[in-house]
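**Student:** Contents of final-v4.pdb (PDB, C-alpha atoms) are given next:
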ATOM      1  CA  MET R   1     109.273  82.380 167.355
ATOM      2  CA  ASN R   2     108.372  79.166 169.083
ATOM      3  CA  VAL R   3     111.830  77.785 168.454
ATOM      4  CA  THR R   4     113.511  80.792 170.023
ATOM      5  CA  VAL R   5     111.101  80.708 172.918
ATOM      6  CA  GLU R   6     111.918  77.068 173.563
ATOM      7  CA  ILE R   7     115.636  77.710 173.432
ATOM      8  CA  ASP R   8     115.131  80.603 175.795
ATOM      9  CA  ALA R   9     113.242  78.398 178.217
ATOM     10  CA  VAL R  10     116.043  75.834 178.138
ATOM     11  CA  ARG R  11     118.720  78.429 178.775
ATOM     12  CA  GLU R  12     116.703  80.335 181.321
ATOM     13  CA  SER R  13     118.934  79.084 184.152
ATOM     14  CA  GLU R  14     122.231  79.934 182.504
ATOM     15  CA  LEU R  15     121.959  83.451 181.095
ATOM     16  CA  LEU R  16     124.888  84.087 178.762
ATOM     17  CA  ASN R  17     126.250  87.116 176.975
ATOM     18  CA  VAL R  18     125.729  87.510 173.243
ATOM     19  CA  SER R  19     129.365  86.579 172.681
ATOM     20  CA  GLU R  20     129.040  83.354 174.662
ATOM     21  CA  ALA R  21     125.589  82.304 173.513
ATOM     22  CA  GLY R  22     126.769  80.325 170.483
ATOM     23  CA  PRO R  23     125.204  80.350 167.031
ATOM     24  CA  ALA R  24     121.647  81.576 166.627
ATOM     25  CA  SER R  25     118.868  79.130 165.844
ATOM     26  CA  LYS R  26     118.471  77.974 162.261
ATOM     27  CA  ARG R  27     115.154  79.793 161.947
ATOM     28  CA  VAL R  28     116.841  83.099 162.772
ATOM     29  CA  ILE R  29     119.680  82.431 160.325
ATOM     30  CA  ALA R  30     117.384  81.303 157.509
ATOM     31  CA  GLY R  31     114.997  84.189 158.142
ATOM     32  CA  PHE R  32     117.796  86.743 158.187
ATOM     33  CA  GLY R  33     119.356  85.325 155.017
ATOM     34  CA  PHE R  34     116.026  85.496 153.251
ATOM     35  CA  TRP R  35     115.557  89.048 154.532
ATOM     36  CA  ILE R  36     118.876  89.986 152.856
ATOM     37  CA  PHE R  37     117.652  88.376 149.617
ATOM     38  CA  LEU R  38     114.389  90.339 149.809
ATOM     39  CA  LEU R  39     116.295  93.592 150.310
ATOM     40  CA  SER R  40     118.451  92.839 147.250
ATOM     41  CA  ASP R  41     115.263  92.113 145.317
ATOM     42  CA  ILE R  42     113.909  95.490 146.429
ATOM     43  CA  VAL R  43     117.155  97.118 145.242
ATOM     44  CA  MET R  44     116.541  95.497 141.830
ATOM     45  CA  PHE R  45     113.017  96.907 141.814
ATOM     46  CA  SER R  46     114.400 100.335 142.703
ATOM     47  CA  ALA R  47     116.406 100.248 139.450
ATOM     48  CA  LEU R  48     113.216  99.386 137.535
ATOM     49  CA  PHE R  49     111.380 102.188 139.351
ATOM     50  CA  ALA R  50     114.168 104.617 138.500
ATOM     51  CA  SER R  51     114.021 103.720 134.799
ATOM     52  CA  TYR R  52     110.233 104.017 134.835
ATOM     53  CA  ALA R  53     110.367 107.420 136.549
ATOM     54  CA  VAL R  54     112.904 108.658 133.989
ATOM     55  CA  LEU R  55     110.919 107.346 130.999
ATOM     56  CA  ALA R  56     107.384 107.977 132.283
ATOM     57  CA  LYS R  57     106.801 110.934 129.946
ATOM     58  CA  ALA R  58     108.562 109.421 126.917
ATOM     59  CA  SER R  59     105.464 108.057 125.230
ATOM     60  CA  ALA R  60     106.763 108.827 121.687
ATOM     61  CA  GLY R  61     103.389 110.133 120.541
ATOM     62  CA  GLY R  62     101.647 106.949 121.627
ATOM     63  CA  MET R  63      99.104 106.419 124.356
ATOM     64  CA  THR R  64      99.870 107.809 127.803
ATOM     65  CA  GLY R  65      98.994 106.622 131.276
ATOM     66  CA  ILE R  66      95.920 108.839 131.491
ATOM     67  CA  GLN R  67      94.383 107.033 128.496
ATOM     68  CA  LEU R  68      95.511 103.534 129.506
ATOM     69  CA  PHE R  69      95.137 103.160 133.269
ATOM     70  CA  ASP R  70      91.813 102.142 134.772
ATOM     71  CA  GLN R  71      91.721 103.237 138.416
ATOM     72  CA  ARG R  72      88.859 100.925 139.335
ATOM     73  CA  ASN R  73      90.835  97.918 138.132
ATOM     74  CA  VAL R  74      93.898  99.070 140.109
ATOM     75  CA  ALA R  75      91.823  99.571 143.260
ATOM     76  CA  ILE R  76      90.487  96.008 142.999
ATOM     77  CA  GLU R  77      94.003  94.636 142.386
ATOM     78  CA  THR R  78      95.282  96.545 145.425
ATOM     79  CA  ALA R  79      92.476  95.219 147.612
ATOM     80  CA  LEU R  80      93.092  91.632 146.448
ATOM     81  CA  LEU R  81      96.829  91.780 147.164
ATOM     82  CA  LEU R  82      96.359  93.485 150.541
ATOM     83  CA  LEU R  83      93.789  90.897 151.619
ATOM     84  CA  SER R  84      96.041  88.058 150.468
ATOM     85  CA  SER R  85      98.857  89.559 152.552
ATOM     86  CA  TYR R  86      96.483  89.560 155.530
ATOM     87  CA  THR R  87      95.385  85.936 155.016
ATOM     88  CA  CYS R  88      99.061  85.031 154.632
ATOM     89  CA  GLY R  89      99.587  86.564 158.085
ATOM     90  CA  MET R  90      96.693  84.464 159.418
ATOM     91  CA  MET R  91      98.403  81.416 157.880
ATOM     92  CA  SER R  92     101.663  82.264 159.715
ATOM     93  CA  LEU R  93      99.753  82.439 162.997
ATOM     94  CA  ALA R  94      98.213  79.017 162.328
ATOM     95  CA  ILE R  95     101.676  77.645 161.476
ATOM     96  CA  ASN R  96     103.136  79.039 164.704
ATOM     97  CA  SER R  97     100.513  77.176 166.699
ATOM     98  CA  ARG R  98     100.894  74.090 164.430
ATOM     99  CA  ARG R  99      97.254  73.801 163.362
ATOM    100  CA  TYR R 100      96.683  72.067 160.022
ATOM    101  CA  LEU R 101      93.182  73.131 158.993
ATOM    102  CA  PRO R 102      93.636  76.917 159.477
ATOM    103  CA  THR R 103      97.013  76.679 157.718
ATOM    104  CA  PHE R 104      95.544  75.005 154.635
ATOM    105  CA  LEU R 105      92.560  77.359 154.716
ATOM    106  CA  GLY R 106      94.828  80.433 154.939
ATOM    107  CA  ALA R 107      97.006  79.111 152.128
ATOM    108  CA  ALA R 108      93.982  78.402 149.910
ATOM    109  CA  VAL R 109      92.517  81.887 150.413
ATOM    110  CA  THR R 110      95.939  83.498 149.875
ATOM    111  CA  PHE R 111      96.385  81.465 146.684
ATOM    112  CA  LEU R 112      92.952  82.327 145.290
ATOM    113  CA  LEU R 113      93.394  86.057 146.009
ATOM    114  CA  GLY R 114      96.821  85.951 144.346
ATOM    115  CA  VAL R 115      95.396  84.191 141.279
ATOM    116  CA  ALA R 116      92.589  86.756 141.057
ATOM    117  CA  PHE R 117      95.175  89.553 141.222
ATOM    118  CA  LEU R 118      97.233  87.950 138.481
ATOM    119  CA  ALA R 119      94.163  87.379 136.286
ATOM    120  CA  LEU R 120      93.166  91.045 136.568
ATOM    121  CA  GLU R 121      96.706  92.162 135.762
ATOM    122  CA  LEU R 122      96.951  89.900 132.714
ATOM    123  CA  ARG R 123      93.542  91.096 131.496
ATOM    124  CA  GLU R 124      94.769  94.671 131.871
ATOM    125  CA  PHE R 125      97.935  93.880 129.855
ATOM    126  CA  GLN R 126      95.826  92.164 127.209
ATOM    127  CA  GLY R 127      93.537  95.182 126.939
ATOM    128  CA  MET R 128      96.519  97.518 126.576
ATOM    129  CA  ILE R 129      98.130  95.360 123.896
ATOM    130  CA  ALA R 130      94.817  95.169 122.032
ATOM    131  CA  LEU R 131      94.842  98.988 121.927
ATOM    132  CA  GLY R 132      98.283  98.932 120.312
ATOM    133  CA  ALA R 133     100.093  99.892 123.549
ATOM    134  CA  THR R 134     102.691  97.136 123.335
ATOM    135  CA  PRO R 135     106.101  97.229 125.047
ATOM    136  CA  GLN R 136     107.717  98.048 121.665
ATOM    137  CA  ARG R 137     105.576 101.143 121.159
ATOM    138  CA  SER R 138     107.444 103.600 123.394
ATOM    139  CA  ALA R 139     110.062 103.895 126.125
ATOM    140  CA  PHE R 140     107.268 104.621 128.611
ATOM    141  CA  LEU R 141     105.478 101.367 127.751
ATOM    142  CA  SER R 142     108.716  99.333 127.821
ATOM    143  CA  ALA R 143     109.452 100.625 131.308
ATOM    144  CA  PHE R 144     105.848 100.072 132.399
ATOM    145  CA  PHE R 145     105.682  96.466 131.228
ATOM    146  CA  THR R 146     109.121  95.693 132.702
ATOM    147  CA  LEU R 147     108.270  97.121 136.115
ATOM    148  CA  VAL R 148     104.704  95.845 136.514
ATOM    149  CA  GLY R 149     105.546  92.604 134.661
ATOM    150  CA  SER R 150     108.439  91.871 137.056
ATOM    151  CA  HIS R 151     106.098  92.278 139.978
ATOM    152  CA  GLY R 152     103.563  89.981 138.288
ATOM    153  CA  LEU R 153     106.318  87.444 137.664
ATOM    154  CA  HIS R 154     107.240  87.545 141.360
ATOM    155  CA  VAL R 155     103.592  86.940 142.255
ATOM    156  CA  THR R 156     103.512  83.964 139.862
ATOM    157  CA  VAL R 157     106.650  82.495 141.450
ATOM    158  CA  GLY R 158     105.132  83.103 144.893
ATOM    159  CA  LEU R 159     101.965  81.227 143.937
ATOM    160  CA  ALA R 160     103.963  78.257 142.630
ATOM    161  CA  TRP R 161     106.014  78.298 145.836
ATOM    162  CA  LEU R 162     102.849  78.313 147.947
ATOM    163  CA  VAL R 163     101.474  75.251 146.130
ATOM    164  CA  LEU R 164     104.815  73.490 146.601
ATOM    165  CA  MET R 165     104.837  74.307 150.316
ATOM    166  CA  MET R 166     101.295  72.976 150.759
ATOM    167  CA  VAL R 167     102.364  69.713 149.097
ATOM    168  CA  GLN R 168     105.398  69.523 151.411
ATOM    169  CA  LEU R 169     103.254  70.305 154.431
ATOM    170  CA  SER R 170     100.755  67.581 153.616
ATOM    171  CA  LEU R 171     103.549  65.044 153.004
ATOM    172  CA  ARG R 172     105.942  65.923 155.819
ATOM    173  CA  GLY R 173     103.851  67.769 158.401
ATOM    174  CA  PHE R 174     105.203  70.599 160.541
ATOM    175  CA  GLN R 175     108.855  69.638 160.341
ATOM    176  CA  ASP R 176     111.264  72.428 161.244
ATOM    177  CA  VAL R 177     112.518  72.717 157.674
ATOM    178  CA  VAL R 178     108.982  73.019 156.285
ATOM    179  CA  VAL R 179     108.080  75.650 158.870
ATOM    180  CA  ARG R 180     111.225  77.608 157.990
ATOM    181  CA  ARG R 181     110.357  77.564 154.293
ATOM    182  CA  LEU R 182     106.776  78.618 155.022
ATOM    183  CA  HIS R 183     108.163  81.475 157.103
ATOM    184  CA  CYS R 184     110.350  82.594 154.178
ATOM    185  CA  PHE R 185     107.320  82.382 151.893
ATOM    186  CA  SER R 186     105.296  84.701 154.124
ATOM    187  CA  LEU R 187     108.200  87.197 154.192
ATOM    188  CA  PHE R 188     108.296  87.045 150.373
ATOM    189  CA  TRP R 189     104.550  87.584 150.071
ATOM    190  CA  HIS R 190     104.490  90.581 152.430
ATOM    191  CA  ALA R 191     107.463  92.119 150.577
ATOM    192  CA  LEU R 192     105.575  91.800 147.266
ATOM    193  CA  ASP R 193     102.725  93.762 148.795
ATOM    194  CA  ILE R 194     105.147  96.507 149.845
ATOM    195  CA  ILE R 195     106.415  96.747 146.258
ATOM    196  CA  TRP R 196     102.829  96.887 144.978
ATOM    197  CA  VAL R 197     102.149  99.888 147.264
ATOM    198  CA  LEU R 198     104.910 101.746 145.419
ATOM    199  CA  ILE R 199     103.672 100.550 142.021
ATOM    200  CA  PHE R 200     100.091 101.687 142.482
ATOM    201  CA  THR R 201     101.267 105.024 143.856
ATOM    202  CA  VAL R 202     104.054 105.825 141.402
ATOM    203  CA  VAL R 203     102.692 104.188 138.237
ATOM    204  CA  TYR R 204      98.935 104.251 138.460
ATOM    205  CA  LEU R 205      98.014 107.173 140.723
ATOM    206  CA  MET R 206     100.806 109.611 139.809
ATOM    207  CA  GLY R 207     100.483 108.456 136.179
ATOM    208  CA  VAL R 208      96.940 109.752 135.843
ATOM    209  CA  LEU R 209      97.545 113.131 137.461
ATOM    210  CA  PRO R 210      96.868 115.961 134.989
TER
ATOM    211  CA  MET D   1     120.524  93.261 179.022
ATOM    212  CA  THR D   2     117.327  91.553 178.020
ATOM    213  CA  GLU D   3     116.782  87.846 178.276
ATOM    214  CA  MET D   4     116.972  87.471 174.491
ATOM    215  CA  ARG D   5     120.472  86.657 173.373
ATOM    216  CA  TRP D   6     119.733  86.471 169.643
ATOM    217  CA  ASP D   7     117.875  88.721 167.308
ATOM    218  CA  VAL D   8     114.522  87.344 166.222
ATOM    219  CA  ALA D   9     114.116  86.238 162.636
ATOM    220  CA  PRO D  10     112.560  88.907 160.436
ATOM    221  CA  GLY D  11     108.806  88.351 160.357
ATOM    222  CA  ASP D  12     108.759  86.957 163.878
ATOM    223  CA  ARG D  13     107.226  89.100 166.532
ATOM    224  CA  PRO D  14     109.602  90.014 169.350
ATOM    225  CA  THR D  15     109.316  87.725 172.310
ATOM    226  CA  ILE D  16     106.872  89.157 174.776
ATOM    227  CA  PRO D  17     106.663  87.963 178.384
ATOM    228  CA  ALA D  18     104.126  85.132 178.540
ATOM    229  CA  SER D  19     101.960  87.109 180.957
ATOM    230  CA  GLU D  20     101.365  89.844 178.357
ATOM    231  CA  GLN D  21     100.988  87.500 175.394
ATOM    232  CA  GLY D  22      97.317  86.831 174.750
ATOM    233  CA  ALA D  23      96.308  84.049 172.390
ATOM    234  CA  SER D  24      94.742  86.555 169.996
ATOM    235  CA  SER D  25      97.474  89.223 170.080
ATOM    236  CA  GLY D  26      98.954  88.078 166.754
ATOM    237  CA  PHE D  27      95.551  88.237 165.126
ATOM    238  CA  LEU D  28      95.099  91.728 166.549
ATOM    239  CA  VAL D  29      98.440  92.932 165.147
ATOM    240  CA  TYR D  30      97.608  91.756 161.606
ATOM    241  CA  THR D  31      94.077  93.169 161.811
ATOM    242  CA  ILE D  32      95.288  96.598 162.974
ATOM    243  CA  GLY D  33      97.814  96.523 160.120
ATOM    244  CA  LEU D  34      95.104  95.646 157.602
ATOM    245  CA  LEU D  35      92.837  98.439 158.833
ATOM    246  CA  LEU D  36      95.636 101.040 158.696
ATOM    247  CA  ALA D  37      96.664  99.860 155.224
ATOM    248  CA  VAL D  38      93.064 100.056 153.976
ATOM    249  CA  ILE D  39      92.661 103.580 155.376
ATOM    250  CA  LEU D  40      95.931 104.725 153.778
ATOM    251  CA  THR D  41      95.053 103.098 150.422
ATOM    252  CA  ILE D  42      91.624 104.721 150.321
ATOM    253  CA  THR D  43      93.202 108.064 151.237
ATOM    254  CA  SER D  44      95.726 107.650 148.397
ATOM    255  CA  PHE D  45      93.001 107.031 145.827
ATOM    256  CA  TRP D  46      90.984 109.960 147.234
ATOM    257  CA  VAL D  47      93.982 112.320 147.102
ATOM    258  CA  ALA D  48      94.675 111.362 143.480
ATOM    259  CA  ASN D  49      91.099 112.085 142.399
ATOM    260  CA  THR D  50      89.982 115.012 144.511
ATOM    261  CA  SER D  51      90.123 118.649 143.532
ATOM    262  CA  ALA D  52      90.033 119.772 147.158
ATOM    263  CA  ILE D  53      93.840 119.628 147.387
ATOM    264  CA  TRP D  54      96.236 122.088 145.780
ATOM    265  CA  ALA D  55      97.220 120.212 142.599
ATOM    266  CA  PRO D  56     101.042 120.648 142.752
ATOM    267  CA  GLY D  57     100.970 119.208 146.274
ATOM    268  CA  VAL D  58      99.268 115.967 145.240
ATOM    269  CA  PRO D  59     102.417 113.982 144.229
ATOM    270  CA  ALA D  60     104.097 114.859 147.529
ATOM    271  CA  GLY D  61     100.971 113.799 149.407
ATOM    272  CA  LEU D  62     100.846 110.498 147.525
ATOM    273  CA  ALA D  63     104.533 109.883 148.271
ATOM    274  CA  VAL D  64     103.987 110.501 151.983
ATOM    275  CA  LEU D  65     100.974 108.157 152.036
ATOM    276  CA  ALA D  66     102.931 105.431 150.205
ATOM    277  CA  ILE D  67     105.882 105.690 152.597
ATOM    278  CA  ALA D  68     103.485 105.579 155.555
ATOM    279  CA  GLN D  69     101.817 102.479 154.155
ATOM    280  CA  MET D  70     105.166 100.762 153.590
ATOM    281  CA  GLY D  71     105.956 101.544 157.216
ATOM    282  CA  VAL D  72     102.647  99.989 158.293
ATOM    283  CA  HIS D  73     103.430  96.841 156.277
ATOM    284  CA  LEU D  74     106.927  96.600 157.767
ATOM    285  CA  VAL D  75     105.752  97.001 161.353
ATOM    286  CA  PHE D  76     102.454  95.097 161.363
ATOM    287  CA  PHE D  77     103.048  92.401 158.714
ATOM    288  CA  LEU D  78     106.825  91.876 158.770
ATOM    289  CA  HIS D  79     107.139  92.799 162.478
ATOM    290  CA  ILE D  80     110.283  94.862 161.987
ATOM    291  CA  THR D  81     110.484  96.851 165.204
ATOM    292  CA  THR D  82     112.943  99.085 166.991
ATOM    293  CA  GLY D  83     113.290  96.553 169.796
ATOM    294  CA  PRO D  84     116.740  95.355 170.893
ATOM    295  CA  ASP D  85     116.136  91.867 169.411
ATOM    296  CA  SER D  86     115.563  93.254 165.931
ATOM    297  CA  THR D  87     118.795  95.240 165.470
ATOM    298  CA  ASN D  88     120.288  93.143 162.665
ATOM    299  CA  ASN D  89     117.070  93.201 160.659
ATOM    300  CA  VAL D  90     116.737  96.963 161.034
ATOM    301  CA  LEU D  91     120.382  97.533 160.083
ATOM    302  CA  ALA D  92     119.985  95.396 156.950
ATOM    303  CA  LEU D  93     116.801  97.289 156.104
ATOM    304  CA  ALA D  94     118.544 100.637 156.629
ATOM    305  CA  PHE D  95     121.311  99.596 154.241
ATOM    306  CA  GLY D  96     118.719  98.477 151.671
ATOM    307  CA  VAL D  97     116.885 101.792 151.972
ATOM    308  CA  LEU D  98     120.170 103.672 151.515
ATOM    309  CA  ILE D  99     120.924 101.792 148.267
ATOM    310  CA  VAL D 100     117.354 102.274 147.020
ATOM    311  CA  PHE D 101     117.605 105.987 147.743
ATOM    312  CA  LEU D 102     120.960 106.277 145.941
ATOM    313  CA  VAL D 103     119.689 104.414 142.866
ATOM    314  CA  LEU D 104     116.429 106.375 142.642
ATOM    315  CA  ALA D 105     117.688 109.854 143.510
ATOM    316  CA  GLY D 106     120.903 109.380 141.518
ATOM    317  CA  SER D 107     119.089 108.271 138.359
ATOM    318  CA  LEU D 108     116.478 111.006 138.554
ATOM    319  CA  VAL D 109     118.963 113.814 139.267
ATOM    320  CA  ILE D 110     121.396 112.712 136.557
ATOM    321  CA  MET D 111     118.718 112.215 133.908
ATOM    322  CA  ALA D 112     117.002 115.522 134.732
ATOM    323  CA  ASP D 113     120.375 117.254 134.520
ATOM    324  CA  LEU D 114     121.157 115.613 131.158
ATOM    325  CA  ASN D 115     117.783 116.605 129.797
ATOM    326  CA  GLN D 116     118.330 120.192 130.812
ATOM    327  CA  ASN D 117     121.769 120.395 129.290
ATOM    328  CA  MET D 118     120.901 118.679 126.018
ATOM    329  CA  MET D 119     117.637 120.482 125.286
ATOM    330  CA  PRO D 120     119.028 123.104 122.876
ATOM    331  CA  HIS D 121     121.096 120.615 120.859
ATOM    332  CA  THR D 122     118.858 117.756 119.868
ATOM    333  CA  ASP D 123     115.565 116.230 120.781
ATOM    334  CA  MET D 124     116.734 112.744 119.884
ATOM    335  CA  LEU D 125     118.854 112.336 123.000
ATOM    336  CA  ASN D 126     116.249 113.886 125.169
ATOM    337  CA  LEU D 127     114.142 111.001 126.416
ATOM    338  CA  GLN D 128     111.648 113.126 128.242
ATOM    339  CA  MET D 129     110.887 115.213 125.176
ATOM    340  CA  GLN D 130     109.996 112.253 122.928
ATOM    341  CA  ARG D 131     106.303 112.774 123.242
TER
END
The structure in this file should be written as structure tokens.
**Tutor:**
Amino acid sequence: MNVTVEIDAVRESELLNVSEAGPASKRVIAGFGFWIFLLSDIVMFSALFASYAVLAKASAGGMTGIQLFDQRNVAIETALLLLSSYTCGMMSLAINSRRYLPTFLGAAVTFLLGVAFLALELREFQGMIALGATPQRSAFLSAFFTLVGSHGLHVTVGLAWLVLMMVQLSLRGFQDVVVRRLHCFSLFWHALDIIWVLIFTVVYLMGVLP
Amino acid sequence: MTEMRWDVAPGDRPTIPASEQGASSGFLVYTIGLLLAVILTITSFWVANTSAIWAPGVPAGLAVLAIAQMGVHLVFFLHITTGPDSTNNVLALAFGVLIVFLVLAGSLVIMADLNQNMMPHTDMLNLQMQR
């Protein structure tokens, strides 16, 4: 935002039409490109959701969602991811005003909440596999592990990305390119939270309805 | 014609005149979003577990709450707005939503139709009947 504001201030005197304004700033282009990537990622998730919805009842005599899903665990996972999305937003604000300490603090809290989410999810998977509910057991479980596992994989990638960005930030400071990448990271993280909203609704809450 | 000549990047808040832009307004936006999301999440969990609501209506209620919460995330966390400087982002989002709708609705309708037509013949092809 700051970049656009600055450009606006510079061009304040010579207001141009859209067609004459020249190319948009790099932040806008990078952000928009990443937005397109996120939408294609969401389209991929929609295919996983569709296969899960089709196969949700195909438990092949094995365990069903009502027996497997622990609502308390899901509620804690949801709270962790939502809070990490919020602290990620706080981090973006600190980045926009170019303050180091709040940025690192926001990143650390976001990272820890994400790790806690991932740990809970892995423990849940472990518990299910210990009960014999492995992905090979039924079409329902294959679809479940694919859908929720893909989301978990995205969270893992996001965490690695966050660590990488903190290293870059400490080495290079608030260079434009670093700020752009951090901006893309926060878009990614918020999008993951949106997908989790669908997962906890469609998989966990609708899955335990009688 | 506004003073903005380019769309803002997705995730950036639309440029507000400096006079209206308080130092804490960004913080306020995220906090309102968090509060709304928490309220909607708690409502979702309540709806799924209560017996006060007509049971066949529960899935529809959950779907509405989920869509509302996704809207809250888009507006308050990703700052996708209907403002004139966000047109490209909204158009891209609309296209994404269209594809998601086609994939989901198409799969569900086709598979439900197949299930219905194949029921008398064999259970093997009927995925939903493999209980």
**Student:** As a PyMOL selection string, please: the residues near segment 62-71 of chain R (cut-off 9 Å, only C-alpha atoms, same-chain neighbours under 3 positions excluded).
**Tutor:** (chain R and resi 56-59+74-76+124+127-128+131-133+137-138+140-141+203-205+207-210) or (chain D and resi 45+131)
**Student:** Please, which residues of chain R lie no more than 7 Å from chain D when the count uses all atoms listed in the file, and can they be set out as a PyMOL selection string?
**Tutor:** chain R and resi 1+17-18+21+24+27-28+31-32+35-36+39+43+46-47+50+54-55+57-61+86+89-90+93+187+190+194+197-198+201+205-206+209
**Student:** In Å to one decimal, how far is atom CA of Ser51 of chain D from atom CA of Val202 of chain R?
**Tutor:**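 According to the coordinates, atom CA of Val202 of chain R and atom CA of Ser51 of chain D are separated by 19.1 Å.
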**Student:** Can you work out the spacing between atom CA of Val90 of chain D and atom CA of Leu38 of chain R in Å, to one decimal?
**Tutor:**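 Between atom CA of Val90 of chain D and atom CA of Leu38 of chain R the gap works out to 13.2 Å.
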**Student:** Could you spell out the hits of the PyMOL selection byres ((chain R and resi 77) around 10) on the shown file, as a ChimeraX atom specification?
**Tutor:** /R:71-76,78-83,113-114,116-121,196,200
**Student:** Near Ile95 of chain R, counting all atoms listed in the file, which residues have an atom at most 9 Å away, once you skip same-chain residues fewer than 5 positions from it, shown as a PyMOL selection string?
**Tutor:** chain R and resi 90+100+102-103+174+179+182-183
**Student:** Go ahead and compute the interatomic distance for atom CA of Thr43 of chain D and atom CA of Ala68 of chain D, in Å to one decimal.
**Tutor:**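 Pair atom CA of Thr43 of chain D / atom CA of Ala68 of chain D returns 11.4 Å.
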**Student:** What do you get, as a PDB file with C-alpha atoms, in the frame of the given file, if you spell out every residue that the PyMOL selection byres ((chain R and resi 157-167) around 9) selects here?
**Tutor:**
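Resulting contents of part.pdb:
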ATOM      1  CA  THR R 103      97.013  76.679 157.718  1.00  0.00           C
ATOM      2  CA  PHE R 104      95.544  75.005 154.635  1.00  0.00           C
ATOM      3  CA  ALA R 107      97.006  79.111 152.128  1.00  0.00           C
ATOM      4  CA  ALA R 108      93.982  78.402 149.910  1.00  0.00           C
ATOM      5  CA  THR R 110      95.939  83.498 149.875  1.00  0.00           C
ATOM      6  CA  PHE R 111      96.385  81.465 146.684  1.00  0.00           C
ATOM      7  CA  GLY R 114      96.821  85.951 144.346  1.00  0.00           C
ATOM      8  CA  VAL R 115      95.396  84.191 141.279  1.00  0.00           C
ATOM      9  CA  GLY R 152     103.563  89.981 138.288  1.00  0.00           C
ATOM     10  CA  LEU R 153     106.318  87.444 137.664  1.00  0.00           C
ATOM     11  CA  HIS R 154     107.240  87.545 141.360  1.00  0.00           C
ATOM     12  CA  VAL R 155     103.592  86.940 142.255  1.00  0.00           C
ATOM     13  CA  THR R 156     103.512  83.964 139.862  1.00  0.00           C
ATOM     14  CA  GLN R 168     105.398  69.523 151.411  1.00  0.00           C
ATOM     15  CA  LEU R 169     103.254  70.305 154.431  1.00  0.00           C
ATOM     16  CA  SER R 170     100.755  67.581 153.616  1.00  0.00           C
ATOM     17  CA  LEU R 171     103.549  65.044 153.004  1.00  0.00           C
ATOM     18  CA  ARG R 172     105.942  65.923 155.819  1.00  0.00           C
ATOM     19  CA  VAL R 178     108.982  73.019 156.285  1.00  0.00           C
ATOM     20  CA  ARG R 181     110.357  77.564 154.293  1.00  0.00           C
ATOM     21  CA  LEU R 182     106.776  78.618 155.022  1.00  0.00           C
ATOM     22  CA  PHE R 185     107.320  82.382 151.893  1.00  0.00           C
ATOM     23  CA  PHE R 188     108.296  87.045 150.373  1.00  0.00           C
ATOM     24  CA  TRP R 189     104.550  87.584 150.071  1.00  0.00           C
TER      25      TRP R 189
END
